[in-house]
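Structure data follow from start14.txt (compact mmCIF, C-alpha atoms):
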```
# COMPACT_ATOMS: atom_id res chain seq x y z
CA MET U 1 214.79 -91.95 -32.85
CA SER U 2 216.95 -90.98 -29.92
CA ASN U 3 219.19 -87.94 -30.24
CA ILE U 4 221.65 -89.34 -27.68
CA ILE U 5 224.98 -90.02 -29.36
CA ARG U 6 227.77 -92.07 -27.78
CA ILE U 7 231.02 -90.19 -28.13
CA GLU U 8 233.35 -92.57 -26.34
CA LYS U 9 233.25 -95.09 -23.51
CA GLY U 10 230.96 -93.82 -20.77
CA ILE U 11 230.25 -90.42 -22.39
CA TYR U 12 227.08 -89.55 -24.33
CA LYS U 13 226.02 -86.34 -26.07
CA ARG U 14 222.42 -85.52 -25.25
CA GLY U 15 222.26 -82.18 -27.05
CA PRO U 16 224.14 -78.91 -27.32
CA TYR U 17 226.45 -78.48 -24.34
CA GLN U 18 225.09 -81.60 -22.63
CA PHE U 19 227.61 -84.37 -22.16
CA GLN U 20 226.41 -87.18 -19.89
CA VAL U 21 228.83 -89.43 -18.08
CA LYS U 22 227.77 -92.97 -17.06
CA VAL U 23 230.10 -95.13 -15.00
CA ARG U 24 229.17 -98.54 -13.61
CA ARG U 25 231.47 -100.71 -11.52
CA ASN U 26 230.63 -103.47 -9.05
CA GLY U 27 226.93 -102.58 -9.10
CA ALA U 28 227.46 -98.85 -8.47
CA ASN U 29 225.92 -96.36 -10.94
CA ILE U 30 227.47 -92.87 -11.22
CA ASN U 31 225.73 -90.40 -13.58
CA ALA U 32 226.46 -86.71 -14.19
CA THR U 33 226.00 -84.14 -16.98
CA PHE U 34 228.51 -81.44 -18.05
CA GLU U 35 228.59 -78.56 -20.51
CA THR U 36 231.93 -79.51 -22.05
CA LEU U 37 233.42 -82.76 -23.26
CA ALA U 38 236.68 -82.02 -21.40
CA ALA U 39 234.84 -81.70 -18.10
CA ALA U 40 232.96 -84.91 -18.80
CA ARG U 41 236.20 -86.74 -19.53
CA ARG U 42 237.85 -85.48 -16.34
CA PHE U 43 234.85 -86.59 -14.28
CA ARG U 44 234.78 -90.02 -15.96
CA ASP U 45 238.48 -90.58 -15.43
CA VAL U 46 238.39 -89.49 -11.80
CA GLN U 47 235.30 -91.52 -10.96
CA THR U 48 236.55 -94.59 -12.78
CA GLY U 49 239.75 -94.33 -10.82
CA LYS U 50 237.83 -94.08 -7.58
CA VAL U 51 235.77 -97.15 -8.37
CA VAL U 52 238.73 -99.22 -9.46
CA ALA U 53 240.70 -98.15 -6.35
CA ARG U 54 237.63 -98.96 -4.25
CA GLU U 55 237.39 -95.38 -3.02
CA TYR U 56 233.86 -94.92 -4.27
CA VAL U 57 231.31 -95.47 -1.50
CA ASP U 58 228.06 -97.10 -2.55
CA THR U 59 225.43 -95.73 -0.15
CA ARG U 60 222.35 -97.27 -1.72
CA ALA U 61 221.77 -99.52 1.32
CA GLU U 62 222.08 -96.53 3.65
CA ARG U 63 219.64 -94.48 1.56
CA ARG U 64 217.12 -97.32 1.73
CA THR U 65 217.50 -97.74 5.49
CA THR U 66 215.27 -95.48 7.56
CA LEU U 67 216.04 -94.46 11.10
CA ARG U 68 212.93 -96.36 12.21
CA SER U 69 214.23 -99.64 10.81
CA LEU U 70 217.62 -99.09 12.47
CA LEU U 71 215.91 -98.32 15.77
CA GLU U 72 213.77 -101.44 15.47
CA ARG U 73 216.82 -103.63 15.00
CA TYR U 74 218.61 -101.97 17.92
CA LEU U 75 215.52 -102.46 20.09
CA ALA U 76 215.34 -106.13 19.18
CA GLU U 77 219.03 -107.03 19.41
CA VAL U 78 220.78 -104.61 21.76
CA THR U 79 218.31 -103.14 24.25
CA PRO U 80 217.26 -106.49 25.83
CA THR U 81 220.87 -107.06 26.88
CA LYS U 82 220.95 -103.93 29.04
CA LYS U 83 220.02 -103.55 32.68
CA GLY U 84 218.09 -100.36 31.92
CA TRP U 85 216.17 -101.93 29.05
CA SER U 86 212.82 -100.57 30.21
CA SER U 87 213.73 -96.89 30.17
CA GLU U 88 215.75 -97.34 26.98
CA THR U 89 212.76 -98.96 25.29
CA ASN U 90 210.67 -95.88 26.07
CA ARG U 91 213.33 -93.57 24.61
CA ILE U 92 213.59 -95.63 21.44
CA LYS U 93 209.82 -95.61 20.98
CA ALA U 94 209.86 -91.83 21.41
CA TRP U 95 212.42 -91.57 18.60
CA MET U 96 210.22 -93.82 16.47
CA ARG U 97 207.37 -91.33 16.88
CA SER U 98 209.54 -88.42 15.76
CA ASP U 99 209.63 -87.03 12.22
CA LEU U 100 213.24 -88.15 11.90
CA ALA U 101 212.16 -91.80 12.08
CA SER U 102 211.05 -91.70 8.43
CA TYR U 103 214.36 -90.18 7.27
CA SER U 104 217.09 -92.20 5.61
CA VAL U 105 219.97 -92.78 8.00
CA ALA U 106 222.26 -91.41 5.31
CA GLY U 107 220.29 -88.18 5.17
CA ILE U 108 220.16 -87.23 8.86
CA GLU U 109 222.54 -84.38 9.59
CA PRO U 110 223.77 -82.67 12.79
CA LYS U 111 221.39 -79.78 12.06
CA ASP U 112 218.45 -82.19 12.25
CA ILE U 113 219.56 -83.29 15.71
CA ALA U 114 220.14 -79.69 16.81
CA ASP U 115 216.63 -78.77 15.60
CA TRP U 116 215.19 -81.74 17.48
CA ILE U 117 216.94 -80.60 20.66
CA SER U 118 215.59 -77.06 20.23
CA ALA U 119 212.05 -78.40 19.82
CA ARG U 120 212.33 -80.48 23.00
CA LYS U 121 213.64 -77.45 24.90
CA ALA U 122 210.62 -75.46 23.72
CA GLU U 123 208.39 -78.24 25.09
CA GLY U 124 210.02 -77.79 28.50
CA LYS U 125 211.82 -81.13 28.57
CA ALA U 126 214.56 -81.43 31.17
CA PRO U 127 218.15 -81.08 29.88
CA THR U 128 219.06 -84.51 31.26
CA THR U 129 216.06 -86.10 29.52
CA ILE U 130 217.07 -84.54 26.20
CA SER U 131 220.73 -85.46 26.58
CA ASN U 132 219.90 -89.07 27.45
CA SER U 133 217.81 -89.39 24.30
CA VAL U 134 220.51 -87.90 22.07
CA ASN U 135 223.17 -90.09 23.67
CA LEU U 136 221.02 -93.13 22.98
CA LEU U 137 220.58 -92.15 19.33
CA SER U 138 224.34 -91.68 19.09
CA ALA U 139 224.79 -95.26 20.35
CA VAL U 140 222.29 -96.47 17.73
CA PHE U 141 224.30 -94.87 14.91
CA LYS U 142 227.55 -96.31 16.27
CA LYS U 143 225.97 -99.75 16.33
CA GLY U 144 224.74 -99.19 12.79
CA ARG U 145 228.34 -98.71 11.67
CA GLU U 146 229.26 -101.98 13.39
CA TRP U 147 226.48 -103.61 11.38
CA GLY U 148 228.10 -102.44 8.16
CA LEU U 149 226.20 -99.23 7.40
CA LYS U 150 228.45 -96.54 5.92
CA ILE U 151 227.02 -93.63 7.91
CA ASP U 152 228.32 -90.71 9.90
CA ASN U 153 227.05 -90.13 13.43
CA PRO U 154 224.91 -86.95 13.24
CA CYS U 155 224.95 -86.67 17.05
CA ALA U 156 228.73 -86.27 17.18
CA GLY U 157 229.69 -82.70 17.94
CA VAL U 158 226.13 -81.55 18.62
CA SER U 159 225.96 -79.57 21.87
CA ARG U 160 223.81 -81.10 24.58
CA PRO U 161 221.59 -78.87 26.76
CA THR U 162 223.22 -77.34 29.81
CA ALA U 163 222.30 -79.27 32.93
CA ARG U 164 220.11 -77.56 35.47
CA PRO U 165 221.54 -76.64 38.87
CA ALA U 166 221.77 -79.52 41.31
CA ARG U 167 218.42 -80.31 42.91
CA PHE U 168 218.07 -79.37 46.56
CA ALA U 169 215.97 -81.65 48.75
CA ALA U 170 215.65 -81.47 52.53
CA MET U 171 213.03 -82.83 54.91
CA THR U 172 212.65 -82.70 58.68
CA ALA U 173 212.14 -85.83 60.76
CA VAL U 174 208.54 -84.79 61.39
CA ASP U 175 207.87 -84.38 57.66
CA GLN U 176 209.47 -87.75 56.97
CA ALA U 177 207.11 -89.35 59.49
CA MET U 178 204.13 -87.68 57.82
CA LEU U 179 205.27 -88.86 54.40
CA ILE U 180 205.56 -92.45 55.63
CA ARG U 181 202.12 -92.12 57.16
CA ALA U 182 200.76 -91.07 53.76
CA CYS U 183 202.56 -94.03 52.15
CA ALA U 184 200.66 -96.39 54.46
CA ARG U 185 197.54 -95.53 52.46
CA GLY U 186 199.10 -97.21 49.41
CA PRO U 187 200.39 -100.74 48.73
CA ALA U 188 201.77 -102.64 51.73
CA TRP U 189 205.28 -102.53 50.28
CA LEU U 190 205.38 -98.75 49.80
CA PRO U 191 206.18 -97.67 53.41
CA PHE U 192 209.05 -100.16 53.53
CA VAL U 193 210.47 -99.06 50.18
CA VAL U 194 210.40 -95.42 51.32
CA ARG U 195 211.80 -96.16 54.78
CA ILE U 196 214.67 -98.20 53.31
CA ALA U 197 215.45 -95.33 50.92
CA LEU U 198 215.53 -92.83 53.79
CA ALA U 199 217.61 -95.10 56.02
CA THR U 200 220.20 -96.23 53.46
CA GLY U 201 220.24 -93.74 50.60
CA MET U 202 219.76 -96.58 48.12
CA ARG U 203 218.51 -95.88 44.62
CA GLN U 204 215.02 -96.93 43.65
CA GLY U 205 216.33 -99.54 41.19
CA GLU U 206 218.54 -101.04 43.88
CA ILE U 207 215.65 -101.35 46.31
CA ARG U 208 213.47 -102.97 43.67
CA ARG U 209 216.17 -105.61 43.14
CA LEU U 210 216.42 -106.65 46.79
CA HIS U 211 216.51 -110.42 47.19
CA TRP U 212 216.20 -112.23 50.51
CA ASN U 213 219.33 -114.24 49.77
CA HIS U 214 221.30 -111.00 49.68
CA ILE U 215 219.99 -109.53 52.95
CA HIS U 216 222.40 -110.05 55.85
CA ASP U 217 222.48 -108.88 59.45
CA THR U 218 225.06 -106.21 58.80
CA HIS U 219 224.58 -105.30 55.16
CA LEU U 220 222.61 -105.64 51.94
CA HIS U 221 224.47 -107.14 49.01
CA LEU U 222 223.67 -105.64 45.60
CA PRO U 223 225.00 -107.87 42.79
CA LEU U 224 224.11 -105.26 40.18
CA THR U 225 223.95 -101.47 40.58
CA LYS U 226 223.40 -98.49 38.28
CA ASN U 227 227.15 -98.20 37.78
CA GLY U 228 227.36 -101.84 36.71
CA ASP U 229 229.37 -102.95 39.73
CA PRO U 230 228.24 -104.93 42.78
CA ARG U 231 228.41 -103.26 46.19
CA ASP U 232 227.42 -103.82 49.78
CA VAL U 233 225.22 -101.35 51.63
CA PRO U 234 226.00 -101.25 55.37
CA LEU U 235 222.99 -101.32 57.66
CA THR U 236 222.67 -98.81 60.46
CA LEU U 237 220.72 -99.78 63.56
CA ALA U 238 217.68 -97.96 62.17
CA ALA U 239 217.97 -99.73 58.82
CA SER U 240 218.34 -103.13 60.50
CA ALA U 241 215.16 -102.49 62.48
CA ILE U 242 213.29 -101.76 59.25
CA ILE U 243 214.53 -105.00 57.68
CA ASP U 244 213.46 -106.98 60.77
CA GLU U 245 210.01 -105.40 60.68
CA MET U 246 209.76 -106.12 56.96
CA ARG U 247 210.53 -109.80 57.51
CA GLN U 248 207.48 -110.05 59.77
CA ALA U 249 205.10 -107.91 57.73
CA LEU U 250 205.67 -108.94 54.12
CA PRO U 251 204.79 -112.41 52.79
CA ARG U 252 207.70 -114.42 51.42
CA ARG U 253 207.64 -114.92 47.68
CA LEU U 254 208.63 -118.29 46.21
CA ASP U 255 211.09 -116.63 43.82
CA GLY U 256 212.99 -114.99 46.69
CA TRP U 257 212.50 -111.40 45.57
CA VAL U 258 211.55 -109.10 48.44
CA PHE U 259 209.01 -107.02 46.52
CA GLY U 260 208.75 -108.74 43.14
CA ASP U 261 210.81 -109.66 40.10
CA PRO U 262 212.30 -106.35 38.84
CA ASP U 263 212.66 -107.73 35.32
CA LEU U 264 209.00 -108.64 34.82
CA LEU U 265 205.92 -106.57 34.09
CA ALA U 266 203.50 -105.97 36.95
CA ARG U 267 200.87 -108.25 35.42
CA ASP U 268 203.41 -111.07 35.41
CA GLY U 269 204.30 -110.65 39.07
CA GLY U 270 207.01 -108.09 38.47
CA PHE U 271 207.94 -105.01 40.44
CA THR U 272 208.47 -102.10 38.06
CA GLN U 273 209.83 -98.58 38.25
CA TYR U 274 206.43 -97.31 37.12
CA GLN U 275 204.69 -99.00 40.07
CA VAL U 276 206.99 -97.32 42.56
CA GLN U 277 206.81 -93.91 40.91
CA GLN U 278 203.03 -93.91 40.65
CA ALA U 279 202.45 -95.10 44.22
CA PHE U 280 204.97 -92.65 45.64
CA ARG U 281 203.61 -89.76 43.58
CA ARG U 282 200.13 -90.34 45.01
CA ALA U 283 201.48 -90.61 48.57
CA SER U 284 203.58 -87.46 48.24
CA GLY U 285 200.59 -85.58 46.87
CA TYR U 286 198.45 -86.74 49.78
CA ALA U 287 201.14 -85.73 52.28
CA GLU U 288 201.30 -82.26 50.76
CA GLU U 289 197.54 -81.80 50.72
CA HIS U 290 196.75 -83.17 54.18
CA PHE U 291 199.96 -82.77 56.19
CA GLY U 292 201.64 -79.79 54.56
CA VAL U 293 204.73 -81.78 53.52
CA LYS U 294 206.34 -80.31 50.43
CA ARG U 295 205.83 -82.59 47.44
CA CYS U 296 208.97 -84.48 46.38
CA THR U 297 210.17 -87.17 44.00
CA PHE U 298 211.38 -90.61 45.01
CA HIS U 299 214.92 -89.68 44.01
CA ASP U 300 214.76 -86.76 46.46
CA LEU U 301 214.80 -89.39 49.22
CA ARG U 302 218.37 -90.23 48.23
CA HIS U 303 219.36 -86.58 48.73
CA ILE U 304 217.67 -86.50 52.11
CA ALA U 305 219.16 -89.80 53.27
CA LEU U 306 222.76 -89.06 52.21
CA THR U 307 222.62 -85.61 53.81
CA GLU U 308 221.69 -87.24 57.12
CA LEU U 309 224.09 -90.17 56.73
CA ALA U 310 226.95 -87.72 56.23
CA ASP U 311 226.74 -86.93 59.96
CA ILE U 312 227.75 -90.46 60.96
CA HIS U 313 230.58 -90.80 58.43
CA THR U 314 234.08 -89.49 58.99
CA ASP U 315 234.25 -87.67 55.64
CA VAL U 316 232.86 -87.72 52.08
CA ILE U 317 235.27 -90.49 51.07
CA ASP U 318 233.82 -92.61 53.86
CA LEU U 319 230.30 -91.69 52.75
CA GLN U 320 231.14 -92.61 49.16
CA LYS U 321 231.65 -96.22 50.26
CA THR U 322 228.05 -96.27 51.46
CA SER U 323 226.46 -94.28 48.62
CA GLY U 324 228.11 -96.14 45.74
CA HIS U 325 228.92 -92.97 43.78
CA LYS U 326 231.81 -93.23 41.34
CA THR U 327 233.05 -89.70 41.97
CA LEU U 328 233.00 -87.27 44.89
CA ALA U 329 231.82 -84.52 42.55
CA VAL U 330 228.54 -86.34 41.93
CA LEU U 331 228.16 -87.29 45.59
CA SER U 332 228.54 -83.66 46.66
CA ARG U 333 225.37 -82.80 44.72
CA TYR U 334 223.41 -85.08 47.05
CA ILE U 335 224.48 -83.53 50.34
CA ASN U 336 221.81 -80.86 50.72
CA GLU U 337 222.34 -79.18 54.09
CA THR U 338 220.18 -76.19 54.89
CA PRO U 339 221.98 -72.96 55.87
CA GLU U 340 220.72 -73.43 59.43
CA GLU U 341 222.08 -76.97 59.62
CA ARG U 342 225.45 -75.91 58.21
CA SER U 343 225.68 -73.07 60.73
CA ARG U 344 224.73 -75.39 63.60
CA LYS U 345 227.49 -77.83 62.71
CA LEU U 346 230.11 -75.11 62.36
CA ARG U 347 229.17 -73.63 65.74
CA GLN U 348 229.34 -77.04 67.38
CA ARG U 349 232.84 -77.62 66.00
CA GLU U 350 233.85 -74.08 66.92
CA ALA U 351 232.64 -74.55 70.49
CA ALA U 352 234.44 -77.92 70.75
CA LYS U 353 237.66 -76.35 69.52
CA MET U 354 237.39 -73.48 72.00
CA ALA U 355 236.69 -75.87 74.87
CA LYS U 356 239.68 -77.96 73.89
CA GLY U 357 241.86 -74.86 73.80
CA ALA U 358 240.64 -73.68 77.20
CA ALA U 359 241.45 -77.07 78.70
```

How would this structure read if it were set down as structure tokens?
Amino acid sequence: MSNIIRIEKGIYKRGPYQFQVKVRRNGANINATFETLAAARRFRDVQTGKVVAREYVDTRAERRTTLRSLLERYLAEVTPTKKGWSSETNRIKAWMRSDLASYSVAGIEPKDIADWISARKAEGKAPTTISNSVNLLSAVFKKGREWGLKIDNPCAGVSRPTARPARFAAMTAVDQAMLIRACARGPAWLPFVVRIALATGMRQGEIRRLHWNHIHDTHLHLPLTKNGDPRDVPLTLAASAIIDEMRQALPRRLDGWVFGDPDLLARDGGFTQYQVQQAFRRASGYAEEHFGVKRCTFHDLRHIALTELADIHTDVIDLQKTSGHKTLAVLSRYINETPEERSRKLRQREAAKMAKGAA
């Protein structure tokens, strides 16, 4: 026979100094045990008041929802709507492989995110890579709240890794020629992609999205850029010559894309970021091994191009119209003059000023 005795509504005596409180309202169960009847009554009264006033938060759904299931829904419903869906997909899958994926979304705390960041730092991951992943997870939790989950965002307030110093990339005209020569060993499109990058300073994603309908004699129209806004890239004489040569050398696709559909996989006739990165990585490695050209990344070409384009612009505000940067602070990180080049320019201006004064 049970020794549990009901004392009054919601309170049961389970033994000496064991008073259990049971409250149930609107499907929510609240159980607790106290040493005194007075404490049990206070708890019952407070909790009953919370439930009746709808202050009690039932988190059973949140405790049943794992981070993996939330990520899967985000991947299915939100990611496909984004321009950068490919890279975001890879970040989400990386989160799915983490230990946190099996955690309840209600149980993930800021310390868990901070520990994850520390582990990635120990692996040597770049600060930007880590920050991008944490920012994505933060967006996932925010979307989860929109979907009705009563959860806090564990990424809020967690310090992101300090960004590394701005990358410096410079390349002489001779080295650029050697790099293009190495690119000629790869796919037919690779030399043109690299030459366009060096002549215009365009981003890789923008070059991949080139469409013949948007190529004009004086400029290239980009309906969609990294910043989400359309822009027009003016063509210098050198850039126009490259476009003319490309018209003759590359076969015209029926879909109008210059290099391939940027939204399809390679096997489906697409032109992906991975294709460009892999082909360029091999070409850069060959140029380093056989021509002594320092190995670089494709994004380094944007640094090199904008540094050179700065010479034919009146100032950085003028250059910003060509580069498409939202702020001058970001643009300034791309102008990578060598000390020798900076000194040469200053001496030229100094000499011009002196000559003007003497006249």

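Proximity of U:Thr307, U:Lys83, U:Pro165, U:Lys111 to Asp263 in chain U, computed with all atoms listed in the file, is greatest for U:Lys83.
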
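We find CA of Ala119 in chain U and CA of Asn135 in chain U to be spaced 16.6 Å apart.
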
Write out as an MDAnalysis selection string the residues lying within 9 Å of range 316-329 of chain U, counting all atoms listed in the file and excluding same-chain residues fewer than 4 positions away.
-> chainID U and resid 200:202 225 227 231:234 306 309:310 312 333

Which distance in Å separates CA of Asn90 in chain U and CA of Tyr74 in chain U, to one decimal?
-> 12.9 Å

Determine, counting only C-alpha atoms, which protein, DNA and RNA residues have an atom within 10 Å of an atom of Ser86 in chain U; residues of the same chain fewer than 3 positions away are not included. Present the result as a PyMOL selection string.
-> chain U and resi 79-80+82-83+89-91+263+265+272-274

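Straight-line separation from CA of Arg344 in chain U to CA of Asp315 in chain U: 17.5 Å.
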